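Just below is one structure, and these are the notes that go with it.
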Amino acid sequence: MNTRNCVVRRAQLEDLTTVDDVIIGSANCQIFAGLYPNIFQPEYRKTGYIWGVYVEPSYRRQGIAKQLTSIAVKYLKAITCTQVVLNASPAGKPVYSNLGFSEGNQMVL
């Protein structure tokens, strides 16, 4: 599985995600590997999944989560994902909607 922790891209994110060498935010993204019928060609079923977007409470509402998510989206598009999916918390929905994600509720049993 191709997993990418966006904090690893230190040159791009160090000023954004660290304060006094303490990590204050992170995001993860990977290629989603399941639930595809084999009738679709691989280039039409390459979905990126963003998860674990987190910013320490005292640093929230400063645009950090939005920037982290944007970087994850750019990375997934760079590896030719045709779609990006995430599951938003109620607090995160406005951040993701602002970035162009469609609003909806995924139901899981």
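Going through the structure tokens in order, the chains are called A, B, and so on, while each chain numbers its residues from 1 and the ligands are numbered from 1 in the order shown.
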Just want the 12 Å neighbourhood of A:Lys74, counted on only C-alpha atoms, with same-chain residues fewer than 6 positions away dropped. Output as a PDB file with C-alpha atoms, in the first residue's frame.
ATOM      1  CA  CYS A   6       2.608  14.642   4.538  1.00  0.00           C
ATOM      2  CA  CYS A  29      -2.791  10.318   2.454  1.00  0.00           C
ATOM      3  CA  GLY A  48      -6.675   8.885  -3.060  1.00  0.00           C
ATOM      4  CA  ILE A  50      -6.856  11.574   3.095  1.00  0.00           C
ATOM      5  CA  GLN A  67      -2.980  23.980   3.962  1.00  0.00           C
ATOM      6  CA  LEU A  68      -2.177  20.420   5.056  1.00  0.00           C
ATOM      7  CA  THR A  80      -2.374  10.412 -10.824  1.00  0.00           C
ATOM      8  CA  CYS A  81      -5.297   9.838  -8.482  1.00  0.00           C
ATOM      9  CA  THR A  82      -8.523  10.608 -10.321  1.00  0.00           C
ATOM     10  CA  GLN A  83     -10.550  11.179  -7.154  1.00  0.00           C
ATOM     11  CA  VAL A  84      -9.790  12.179  -3.550  1.00  0.00           C
ATOM     12  CA  LEU A  99     -11.501  23.279  -0.627  1.00  0.00           C
TER      13      LEU A  99
END
Query raised in the report: For A:Thr47, which of A:Phe32, A:Lys77, A:Ala65, A:Tyr96 is the closest residue, counting only C-alpha atoms?
Result: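 Using only C-alpha atoms, the shortest distance to A:Thr47 belongs to A:Phe32.
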**Report entry** Per-residue DSSP, stretch 48-106 of chain A, filtered to strand (DSSP E), as a list of chain:residue names
**Finding:**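 Assigned to strand (DSSP E), within stretch 48-106 of chain A: A:Gly48, A:Tyr49, A:Ile50, A:Trp51, A:Gly52, A:Val53, A:Tyr54, A:Val55, A:Gln83, A:Val84, A:Val85, A:Leu86.
From atom CA of A:Gly63 back to atom CA of A:Lys46, the distance works out to 28.1 Å.
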I'd like the contact shell of A:Tyr59 - 10 Å cut-off, only C-alpha atoms, skipping same-chain residues fewer than 6 positions apart - returned as a CSV table (one decimal) with N, CA and C atoms, in the first residue's frame.
chain,number,residue,atom,x,y,z
A,17,THR,N,4.0,23.2,10.2
A,17,THR,CA,3.6,22.2,11.2
A,17,THR,C,4.5,22.1,12.4
A,19,VAL,N,6.4,24.1,15.8
A,19,VAL,CA,6.7,25.3,16.6
A,19,VAL,C,7.7,24.9,17.6
A,24,ILE,N,2.9,20.4,15.4
A,24,ILE,CA,1.5,20.9,15.8
A,24,ILE,C,0.4,20.5,14.9
A,25,GLY,N,0.8,19.9,13.8
A,25,GLY,CA,-0.2,19.4,12.8
A,25,GLY,C,0.3,18.4,11.9
A,65,ALA,N,-5.0,23.3,8.9
A,65,ALA,CA,-5.6,22.1,8.3
A,65,ALA,C,-5.9,22.3,6.9
Query raised in the report: What gap, in Å, lies between atom CA of A:Ala88 and atom CA of A:Asp21?
Result: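 Distance between the two atoms: 28.0 Å.
One finds atom CA of A:Val85 at 9.5 Å from atom CA of A:Val73.
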If you count only C-alpha atoms, which residues fall within 12 Å of A:Ser89, apart from same-chain ones fewer than 3 positions away, as a PDB file with N, CA and C atoms, in the first residue's frame?
ATOM      1  N   TRP A  51      -6.536  11.058   5.431  1.00  0.00           N
ATOM      2  CA  TRP A  51      -6.980  10.688   6.779  1.00  0.00           C
ATOM      3  C   TRP A  51      -6.018  11.281   7.813  1.00  0.00           C
ATOM      4  N   GLY A  52      -6.507  11.376   9.012  1.00  0.00           N
ATOM      5  CA  GLY A  52      -5.659  11.811  10.126  1.00  0.00           C
ATOM      6  C   GLY A  52      -5.219  13.257  10.045  1.00  0.00           C
ATOM      7  N   VAL A  53      -6.039  14.133   9.460  1.00  0.00           N
ATOM      8  CA  VAL A  53      -5.691  15.566   9.463  1.00  0.00           C
ATOM      9  C   VAL A  53      -5.893  16.048  10.892  1.00  0.00           C
ATOM     10  N   TYR A  54      -4.824  16.580  11.469  1.00  0.00           N
ATOM     11  CA  TYR A  54      -4.895  16.991  12.874  1.00  0.00           C
ATOM     12  C   TYR A  54      -4.056  18.240  13.096  1.00  0.00           C
ATOM     13  N   LEU A  86     -12.277  11.731   1.643  1.00  0.00           N
ATOM     14  CA  LEU A  86     -11.974  11.793   3.073  1.00  0.00           C
ATOM     15  C   LEU A  86     -13.272  11.715   3.841  1.00  0.00           C
ATOM     16  N   GLY A  92     -14.478  19.569  10.872  1.00  0.00           N
ATOM     17  CA  GLY A  92     -13.664  19.642   9.666  1.00  0.00           C
ATOM     18  C   GLY A  92     -14.445  19.913   8.397  1.00  0.00           C
ATOM     19  N   LYS A  93     -15.763  19.683   8.405  1.00  0.00           N
ATOM     20  CA  LYS A  93     -16.559  19.846   7.182  1.00  0.00           C
ATOM     21  C   LYS A  93     -16.398  21.216   6.524  1.00  0.00           C
ATOM     22  N   PRO A  94     -16.434  22.319   7.273  1.00  0.00           N
ATOM     23  CA  PRO A  94     -16.266  23.620   6.612  1.00  0.00           C
ATOM     24  C   PRO A  94     -14.895  23.769   5.930  1.00  0.00           C
ATOM     25  N   VAL A  95     -13.861  23.207   6.522  1.00  0.00           N
ATOM     26  CA  VAL A  95     -12.519  23.264   5.932  1.00  0.00           C
ATOM     27  C   VAL A  95     -12.531  22.571   4.577  1.00  0.00           C
ATOM     28  N   TYR A  96     -13.063  21.356   4.540  1.00  0.00           N
ATOM     29  CA  TYR A  96     -13.041  20.560   3.319  1.00  0.00           C
ATOM     30  C   TYR A  96     -14.014  21.089   2.270  1.00  0.00           C
ATOM     31  N   SER A  97     -15.157  21.589   2.690  1.00  0.00           N
ATOM     32  CA  SER A  97     -16.105  22.191   1.752  1.00  0.00           C
ATOM     33  C   SER A  97     -15.470  23.396   1.063  1.00  0.00           C
ATOM     34  N   GLU A 103     -20.181  17.863   0.024  1.00  0.00           N
ATOM     35  CA  GLU A 103     -20.666  17.477   1.352  1.00  0.00           C
ATOM     36  C   GLU A 103     -21.532  16.237   1.250  1.00  0.00           C
ATOM     37  N   GLY A 104     -21.412  15.385   2.225  1.00  0.00           N
ATOM     38  CA  GLY A 104     -22.227  14.176   2.265  1.00  0.00           C
ATOM     39  C   GLY A 104     -21.914  13.409   3.525  1.00  0.00           C
ATOM     40  N   ASN A 105     -22.681  12.381   3.735  1.00  0.00           N
ATOM     41  CA  ASN A 105     -22.469  11.534   4.902  1.00  0.00           C
ATOM     42  C   ASN A 105     -22.266  10.108   4.430  1.00  0.00           C
ATOM     43  N   GLN A 106     -21.147   9.547   4.786  1.00  0.00           N
ATOM     44  CA  GLN A 106     -20.890   8.155   4.465  1.00  0.00           C
ATOM     45  C   GLN A 106     -21.440   7.313   5.608  1.00  0.00           C
TER      46      GLN A 106
END
